[in-house]
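Below is entry-v5.tsv, holding TSV, C-alpha atoms.
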chain	number	residue	atom	x	y	z
K	1364	MET	CA	60.20	130.48	31.85
K	1365	GLU	CA	56.63	130.43	33.13
K	1366	CYS	CA	54.44	127.58	32.14
K	1367	GLY	CA	51.87	128.77	29.65
K	1368	ASN	CA	53.92	131.70	28.35
K	1369	ARG	CA	54.19	130.49	24.79
K	1370	SER	CA	55.36	133.92	23.61
K	1371	GLY	CA	58.59	133.34	25.53
K	1372	LEU	CA	59.29	129.94	23.95
K	1373	TYR	CA	61.36	130.65	20.87
K	1374	HIS	CA	63.08	127.32	20.34
K	1375	PHE	CA	63.25	123.66	21.28
K	1376	ILE	CA	66.29	121.49	21.91
K	1377	ILE	CA	66.13	118.07	20.25
K	1378	VAL	CA	67.83	115.80	22.79
K	1379	GLY	CA	67.88	112.78	20.47
K	1380	PHE	CA	68.63	109.29	21.71
K	1381	PRO	CA	71.27	108.30	24.30
K	1382	TYR	CA	74.64	107.21	22.91
K	1383	PRO	CA	78.26	107.01	24.15
K	1384	HIS	CA	80.18	110.22	23.44
K	1385	GLU	CA	82.89	108.33	21.55
K	1386	LEU	CA	80.28	107.28	18.96
K	1387	ARG	CA	79.45	110.87	18.12
K	1388	VAL	CA	81.60	111.06	14.95
K	1389	PRO	CA	80.76	107.52	13.70
K	1390	LEU	CA	77.04	108.23	14.15
K	1391	LEU	CA	77.37	111.54	12.28
K	1392	ILE	CA	79.09	109.74	9.40
K	1393	PHE	CA	76.46	106.99	9.47
K	1394	PHE	CA	73.53	109.42	9.22
K	1395	LEU	CA	75.17	111.46	6.48
K	1396	LEU	CA	75.98	108.31	4.52
K	1397	VAL	CA	72.44	106.96	4.87
K	1398	TYR	CA	71.10	110.39	3.85
K	1399	LEU	CA	73.17	110.46	0.67
K	1400	LEU	CA	72.39	106.84	-0.22
K	1401	THR	CA	68.67	107.44	0.34
K	1402	PHE	CA	68.68	110.32	-2.11
K	1403	LEU	CA	70.80	108.42	-4.61
K	1404	GLY	CA	68.69	105.24	-4.48
K	1405	ASN	CA	65.35	107.01	-4.77
K	1406	PHE	CA	66.64	109.38	-7.44
K	1407	LEU	CA	67.78	106.39	-9.52
K	1408	ILE	CA	64.28	104.93	-9.32
K	1409	LEU	CA	62.79	108.23	-10.53
K	1410	LEU	CA	65.36	108.39	-13.32
K	1411	ALA	CA	64.74	104.79	-14.40
K	1412	VAL	CA	60.97	105.22	-14.59
K	1413	MET	CA	61.29	108.55	-16.38
K	1414	PHE	CA	63.59	107.33	-19.17
K	1415	GLU	CA	62.37	103.76	-19.68
K	1416	PRO	CA	59.09	103.55	-21.65
K	1417	GLN	CA	58.52	99.96	-20.48
K	1418	LEU	CA	58.19	101.24	-16.93
K	1419	HIS	CA	55.43	103.72	-17.77
K	1420	LYS	CA	52.90	101.62	-15.88
K	1421	PRO	CA	50.69	102.39	-12.85
K	1422	MET	CA	52.84	100.29	-10.49
K	1423	TYR	CA	55.94	102.31	-11.32
K	1424	LEU	CA	54.06	105.61	-11.24
K	1425	PHE	CA	53.09	104.84	-7.63
K	1426	LEU	CA	56.67	103.75	-6.95
K	1427	CYS	CA	57.85	107.20	-8.10
K	1428	HIS	CA	55.51	108.79	-5.56
K	1429	LEU	CA	56.93	106.49	-2.88
K	1430	SER	CA	60.47	107.56	-3.82
K	1431	LEU	CA	59.50	111.24	-3.59
K	1432	LEU	CA	57.98	110.62	-0.15
K	1433	ASP	CA	61.06	108.78	1.09
K	1434	MET	CA	63.38	111.52	-0.13
K	1435	SER	CA	61.19	114.14	1.54
K	1436	VAL	CA	60.99	112.29	4.88
K	1437	SER	CA	64.76	111.99	4.90
K	1438	LEU	CA	65.10	115.71	4.12
K	1439	VAL	CA	62.74	116.69	6.95
K	1440	ILE	CA	64.35	114.51	9.64
K	1441	VAL	CA	67.96	113.49	8.97
K	1442	PRO	CA	69.74	116.89	8.60
K	1443	LYS	CA	68.54	118.00	12.05
K	1444	VAL	CA	69.51	114.65	13.57
K	1445	ALA	CA	73.00	114.95	12.04
K	1446	ALA	CA	73.28	118.56	13.25
K	1447	GLY	CA	72.60	117.32	16.78
K	1448	PHE	CA	75.83	115.30	16.73
K	1449	VAL	CA	77.76	118.43	15.76
K	1450	GLU	CA	76.05	120.77	18.22
K	1451	GLY	CA	75.66	118.22	21.02
K	1452	GLY	CA	71.89	118.68	20.84
K	1453	GLY	CA	69.96	120.06	17.90
K	1454	VAL	CA	68.34	123.47	18.35
K	1455	ILE	CA	65.17	124.08	16.35
K	1456	SER	CA	62.99	127.18	16.37
K	1457	PHE	CA	59.37	127.02	17.52
K	1458	GLY	CA	58.20	127.56	13.94
K	1459	GLY	CA	60.70	125.00	12.70
K	1460	CYS	CA	59.31	122.47	15.16
K	1461	VAL	CA	55.78	123.14	13.92
K	1462	ALA	CA	56.91	122.73	10.30
K	1463	GLN	CA	58.84	119.53	11.04
K	1464	LEU	CA	55.88	117.95	12.81
K	1465	PHE	CA	53.49	118.99	10.03
K	1466	PHE	CA	55.63	117.72	7.16
K	1467	PHE	CA	56.52	114.48	8.91
K	1468	HIS	CA	52.87	113.57	9.50
K	1469	PHE	CA	51.88	114.85	6.05
K	1470	LEU	CA	54.46	112.62	4.36
K	1471	GLY	CA	53.92	109.67	6.70
K	1472	CYS	CA	50.14	109.63	6.28
K	1473	THR	CA	50.47	110.06	2.50
K	1474	GLU	CA	52.81	107.05	2.45
K	1475	CYS	CA	50.29	105.05	4.47
K	1476	PHE	CA	47.58	105.80	1.89
K	1477	LEU	CA	49.98	105.13	-0.97
K	1478	TYR	CA	50.78	101.61	0.28
K	1479	THR	CA	47.04	100.92	0.27
K	1480	VAL	CA	46.69	102.20	-3.29
K	1481	MET	CA	49.65	100.07	-4.38
K	1482	ALA	CA	48.00	96.98	-2.86
K	1483	TYR	CA	44.80	97.80	-4.75
K	1484	ASP	CA	46.83	98.13	-7.95
K	1485	ARG	CA	48.37	94.66	-7.43
K	1486	PHE	CA	44.89	93.27	-6.64
K	1487	LEU	CA	43.54	94.53	-9.96
K	1488	ALA	CA	46.60	93.36	-11.92
K	1489	ILE	CA	46.44	89.79	-10.57
K	1490	CYS	CA	42.75	89.23	-9.79
K	1491	LYS	CA	41.19	91.28	-12.60
K	1492	PRO	CA	43.81	91.21	-15.39
K	1493	LEU	CA	41.29	91.59	-18.24
K	1494	HIS	CA	39.85	94.76	-16.73
K	1495	TYR	CA	43.10	96.16	-15.33
K	1496	GLY	CA	43.86	98.52	-18.23
K	1497	THR	CA	40.32	99.90	-18.19
K	1498	ILE	CA	40.08	100.44	-14.43
K	1499	MET	CA	43.65	101.56	-13.70
K	1500	ASN	CA	43.96	104.08	-16.53
K	1501	LEU	CA	46.00	107.29	-16.43
K	1502	LYS	CA	43.11	109.34	-15.03
K	1503	ALA	CA	42.52	106.81	-12.22
K	1504	CYS	CA	46.26	106.75	-11.39
K	1505	LEU	CA	46.43	110.53	-11.16
K	1506	CYS	CA	43.26	110.73	-9.04
K	1507	LEU	CA	44.50	108.05	-6.63
K	1508	SER	CA	47.93	109.68	-6.40
K	1509	PHE	CA	46.44	113.13	-5.76
K	1510	GLY	CA	44.05	111.64	-3.20
K	1511	THR	CA	46.92	110.20	-1.14
K	1512	TRP	CA	48.70	113.58	-0.97
K	1513	PHE	CA	45.48	115.47	-0.22
K	1514	GLY	CA	44.48	113.00	2.51
K	1515	GLY	CA	47.93	113.23	4.07
K	1516	SER	CA	47.86	117.03	4.14
K	1517	LEU	CA	44.37	117.10	5.70
K	1518	HIS	CA	45.38	114.64	8.43
K	1519	SER	CA	48.55	116.57	9.21
K	1520	MET	CA	46.79	119.94	9.40
K	1521	ILE	CA	44.37	118.57	11.98
K	1522	GLN	CA	47.09	116.95	14.09
K	1523	THR	CA	49.43	119.96	13.93
K	1524	THR	CA	46.67	122.43	14.81
K	1525	LEU	CA	45.53	120.38	17.79
K	1526	THR	CA	49.10	119.96	19.03
K	1527	PHE	CA	50.21	123.58	18.84
K	1528	GLN	CA	47.02	125.22	20.05
K	1529	LEU	CA	48.14	124.15	23.54
K	1530	PRO	CA	50.22	126.50	25.72
K	1531	TYR	CA	53.90	125.54	25.93
K	1532	GLY	CA	56.63	126.47	28.35
K	1533	HIS	CA	57.07	123.36	30.50
K	1534	GLY	CA	60.72	123.14	29.48
K	1535	ASN	CA	61.98	123.10	25.91
K	1536	GLN	CA	63.87	119.81	25.66
K	1537	VAL	CA	62.26	117.34	23.25
K	1538	HIS	CA	63.43	113.89	24.34
K	1539	TYR	CA	63.19	112.39	20.88
K	1540	ILE	CA	65.07	112.60	17.59
K	1541	PHE	CA	62.64	115.13	16.05
K	1542	CYS	CA	59.52	117.12	16.87
K	1543	ASP	CA	56.79	114.50	16.99
K	1544	ILE	CA	53.42	114.62	18.69
K	1545	PRO	CA	54.02	112.36	21.74
K	1546	ALA	CA	57.35	114.03	22.57
K	1547	VAL	CA	56.10	117.60	22.08
K	1548	LEU	CA	52.92	117.04	24.12
K	1549	LYS	CA	55.06	116.25	27.16
K	1550	LEU	CA	56.12	119.94	27.17
K	1551	ALA	CA	52.57	121.34	27.13
K	1552	CYS	CA	51.29	123.30	30.12
K	1553	ALA	CA	47.76	121.91	29.87
K	1554	ASP	CA	45.90	118.64	30.05
K	1555	THR	CA	46.93	116.64	26.98
K	1556	GLY	CA	44.47	113.77	27.50
K	1557	PHE	CA	42.24	114.88	24.62
K	1558	ASN	CA	45.21	115.27	22.26
K	1559	GLU	CA	46.60	111.86	23.20
K	1560	MET	CA	43.19	110.28	22.63
K	1561	VAL	CA	42.81	111.98	19.22
K	1562	THR	CA	46.33	110.92	18.24
K	1563	PHE	CA	45.67	107.34	19.32
K	1564	VAL	CA	42.27	107.12	17.62
K	1565	ASP	CA	43.12	109.10	14.47
K	1566	ILE	CA	46.49	107.54	13.67
K	1567	GLY	CA	45.38	104.15	14.95
K	1568	PHE	CA	42.17	104.23	12.90
K	1569	LEU	CA	43.91	105.34	9.71
K	1570	ALA	CA	46.76	102.87	10.10
K	1571	MET	CA	44.51	99.92	10.96
K	1572	THR	CA	42.04	100.74	8.18
K	1573	CYS	CA	44.80	100.95	5.59
K	1574	PHE	CA	46.47	97.82	6.96
K	1575	LEU	CA	43.21	95.83	6.87
K	1576	LEU	CA	42.57	96.96	3.28
K	1577	ILE	CA	46.09	95.84	2.34
K	1578	VAL	CA	45.63	92.48	4.08
K	1579	THR	CA	42.25	92.00	2.37
K	1580	SER	CA	43.81	92.75	-1.01
K	1581	TYR	CA	46.56	90.22	-0.41
K	1582	VAL	CA	44.12	87.53	0.73
K	1583	TYR	CA	42.46	87.80	-2.69
K	1584	ILE	CA	45.84	88.07	-4.43
K	1585	ILE	CA	47.28	84.97	-2.76
K	1586	SER	CA	44.07	83.05	-3.45
K	1587	ALA	CA	44.30	84.00	-7.13
K	1588	ILE	CA	48.01	83.11	-7.32
K	1589	LEU	CA	47.44	79.66	-5.82
K	1590	ARG	CA	44.93	78.96	-8.60
K	1591	ILE	CA	47.60	79.53	-11.25
K	1592	ARG	CA	48.57	76.14	-12.64
K	1593	SER	CA	52.03	77.07	-13.86
K	1594	ALA	CA	54.77	77.08	-11.21
K	1595	GLU	CA	56.59	79.79	-13.15
K	1596	GLY	CA	53.42	81.85	-13.30
K	1597	ARG	CA	52.96	81.57	-9.54
K	1598	ARG	CA	56.60	82.53	-8.96
K	1599	ARG	CA	56.33	85.64	-11.14
K	1600	ALA	CA	53.07	86.69	-9.51
K	1601	PHE	CA	54.54	86.32	-6.03
K	1602	ALA	CA	57.66	88.21	-7.13
K	1603	THR	CA	55.61	91.24	-8.21
K	1604	CYS	CA	54.02	91.43	-4.74
K	1605	ALA	CA	56.95	90.44	-2.52
K	1606	ALA	CA	58.62	93.87	-2.58
K	1607	HIS	CA	55.41	95.66	-1.65
K	1608	MET	CA	54.64	93.23	1.19
K	1609	THR	CA	58.17	93.69	2.55
K	1610	VAL	CA	58.02	97.51	2.66
K	1611	VAL	CA	54.54	97.40	4.22
K	1612	VAL	CA	55.90	95.31	7.11
K	1613	THR	CA	58.91	97.62	7.63
K	1614	TYR	CA	56.53	100.59	7.66
K	1615	TYR	CA	53.72	99.34	9.89
K	1616	VAL	CA	55.66	97.57	12.66
K	1617	PRO	CA	57.47	100.77	13.85
K	1618	LEU	CA	54.26	102.78	13.34
K	1619	VAL	CA	52.31	100.56	15.70
K	1620	PHE	CA	55.20	100.48	18.20
K	1621	ILE	CA	55.34	104.30	18.46
K	1622	TYR	CA	51.84	105.68	17.97
K	1623	LEU	CA	49.73	103.04	19.65
K	1624	ARG	CA	51.83	103.58	22.80
K	1625	PRO	CA	51.74	107.43	23.07
K	1626	TRP	CA	52.28	107.35	26.85
K	1627	SER	CA	55.48	105.29	26.56
K	1628	GLN	CA	58.70	106.52	28.20
K	1629	ASP	CA	60.81	103.72	26.69
K	1630	PRO	CA	64.23	104.94	25.40
K	1631	LEU	CA	63.89	102.27	22.71
K	1632	ASP	CA	61.29	104.53	21.03
K	1633	GLY	CA	64.11	106.77	19.80
K	1634	VAL	CA	65.93	103.82	18.24
K	1635	VAL	CA	62.73	102.67	16.51
K	1636	ALA	CA	62.19	106.24	15.28
K	1637	VAL	CA	65.67	106.20	13.74
K	1638	PHE	CA	64.72	103.04	11.86
K	1639	TYR	CA	61.50	104.26	10.27
K	1640	THR	CA	62.65	107.83	9.56
K	1641	THR	CA	66.19	107.07	8.41
K	1642	VAL	CA	66.66	103.43	7.49
K	1643	THR	CA	63.25	102.62	5.95
K	1644	PRO	CA	63.52	105.36	3.25
K	1645	LEU	CA	66.82	103.74	2.26
K	1646	LEU	CA	65.44	100.19	2.34
K	1647	ASN	CA	62.55	100.91	-0.02
K	1648	PRO	CA	64.65	101.54	-3.17
K	1649	VAL	CA	66.94	98.63	-2.25
K	1650	ILE	CA	63.98	96.25	-1.86
K	1651	TYR	CA	62.27	97.38	-5.05
K	1652	THR	CA	65.41	97.24	-7.18
K	1653	LEU	CA	66.76	93.93	-5.87
K	1654	ARG	CA	63.41	92.13	-6.11
K	1655	ASN	CA	62.20	93.65	-9.39
K	1656	LYS	CA	63.62	92.27	-12.62
K	1657	GLU	CA	62.38	95.13	-14.81
K	1658	MET	CA	63.88	97.73	-12.50
K	1659	LYS	CA	67.23	95.93	-12.31
K	1660	CYS	CA	67.43	95.64	-16.11
K	1661	THR	CA	66.56	99.33	-16.54
K	1662	LEU	CA	69.19	100.46	-14.03
K	1663	LYS	CA	71.80	98.32	-15.77
K	1664	LYS	CA	70.86	99.94	-19.09
K	1665	LEU	CA	71.12	103.43	-17.58
K	1666	TRP	CA	74.44	102.59	-15.95
K	1667	GLY	CA	75.92	101.32	-19.21
K	1668	ARG	CA	74.35	103.89	-21.50
K	1669	LYS	CA	76.81	106.05	-23.42
K	1670	PRO	CA	75.93	109.57	-24.50
K	1671	SER	CA	74.91	109.65	-28.15
K	1672	LEU	CA	77.00	111.78	-30.46
K	1673	PRO	CA	75.27	114.50	-32.48
K	1674	VAL	CA	74.72	113.64	-36.14
K	1675	GLU	CA	76.60	115.98	-38.42

Encoding of this model in structure tokens:
Amino acid sequence: MECGNRSGLYHFIIVGFPYPHELRVPLLIFFLLVYLLTFLGNFLILLAVMFEPQLHKPMYLFLCHLSLLDMSVSLVIVPKVAAGFVEGGGVISFGGCVAQLFFFHFLGCTECFLYTVMAYDRFLAICKPLHYGTIMNLKACLCLSFGTWFGGSLHSMIQTTLTFQLPYGHGNQVHYIFCDIPAVLKLACADTGFNEMVTFVDIGFLAMTCFLLIVTSYVYIISAILRIRSAEGRRRAFATCAAHMTVVVTYYVPLVFIYLRPWSQDPLDGVVAVFYTTVTPLLNPVIYTLRNKEMKCTLKKLWGRKPSLPVE
């Protein structure tokens, strides 16, 4: 295949990460199990918020959006990874690769914005409790939620367009677990310096801006919590924020490791990618249910609820 003849490039081969052949079946079972548990855990959160009136609050509305994002990320990435263990290397069409890259960055950027909005929500709830209901009303929640999805789609369109306007044909093996920008750019038959710079600046700027906003929110939150005289009050306030702080850390550490090192050839990148595309979507519902008393009580009620008989 000639370099630059994109018309002749019909598919990519997702090489994945290196593993001993004897682990092929256990890894397939692991990914399928994580996939099913991710959908189950996030679906239970959606179900709990939907059917429990006490959870009809902004914090849980944003949590529903997070669950939808986690389910979608898992749907975009994990089936192809699992198929690779069956096929010995996942084959994906050129268009499928474009779609996978677009949706991954769309969902990932939306999640980045959503974490920032959730931090702002906790800031208002703890630092401005008297004005919380007025500021964070239904209209504001819907606008903020829509803004995260719109911002994510705009970011992804720019990144996907820049990536696939390049000529391809320098091989078709993607040495990664899915079609992502750094791995795909290695197959381009043109200078990718501009693309790498845009990826570094764009993703780095968005991630650092959101992270700094989250940190700023939590500086104010912690300051307000420390002024609470009651030990029980401080404990409850910290408890409402602990889950969010935990998922932010599990999200941003892999993000920085991968995208602020776009030139990296480290095989460990594939392992880190497995964590934030496969394990993190499963961890989020676990963290939010185990550390949230209202959510645990609601899930227990749903689990023990018996169908009501029709009245004759």

Edge lengths and centre in Å, axis-aligned, region 1401-1410 of chain K plus 3 Å each side, as AutoDock Vina command-line options:
--center_x 66.8 --center_y 107.6 --center_z -6.5 --size_x 14.0 --size_y 11.4 --size_z 19.7

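Minimum distance to Ile1588 (chain K) across K:Ile1544, K:Ile1489, K:Ile1498, K:Leu1665 (counting all atoms listed in the file) occurs at K:Ile1489.
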
Exercise. Tyr1614 (chain K): which residues within 12 Å, counting all atoms listed in the file, same-chain residues fewer than 6 positions away excluded, as a ChimeraX atom specification?
Worked result: /K:1433,1471-1472,1474-1478,1570,1573-1574,1607-1608,1620-1621,1635-1636,1638-1644,1646-1647

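Minimum atom-to-atom distance to Phe1466 (chain K), evaluated using all atoms listed in the file, belongs to K:Cys1542 out of K:Cys1542, K:Leu1575, K:Ile1566, K:Met1422.
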
Problem set entry | Separation of CA of Ile1392 (chain K) from CA of Val1547 (chain K) in Å | 27.4 Å

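Shortest atom-to-atom contact with Ile1584 (chain K) among K:Cys1460, K:Leu1548, K:Ala1488, K:Val1378: K:Ala1488, counting only C-alpha atoms.
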
Exercise. Please, which residues are within 10 Å of (69.3, 107.6, -3.2) by the file's coordinates, counting only C-alpha atoms, and could they come as a VMD selection string?
Worked result: chain K and resid 1397 to 1409 1430 1433 to 1434 1644 to 1645 1648 to 1649

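Interatomic distance, CA of Val1444 (chain K) to CA of Val1634 (chain K): 12.3 Å.
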
For this session: Select all residues near (54.6, 120.1, 27.2) (cut-off 12 Å, inclusive, file coordinates), counting all atoms listed in the file, and output them as a PyMOL selection string.
Result: chain K and resi 1366-1369+1372+1375+1526-1538+1542-1556+1558

Exercise. Which is closer to Pro1381 (chain K) than all the others in K:His1518, K:Val1616, K:Gly1447, K:Ser1435, using all atoms listed in the file?
Worked result: K:Gly1447

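Among the candidate residues K:Phe1465, K:Ala1587, K:Gly1567, K:Cys1427, the one lying nearest to Met1520 (chain K) is K:Phe1465, with distances computed using only C-alpha atoms.
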
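Separating CA of Leu1505 (chain K) from CA of Cys1604 (chain K) is a distance of 21.5 Å.
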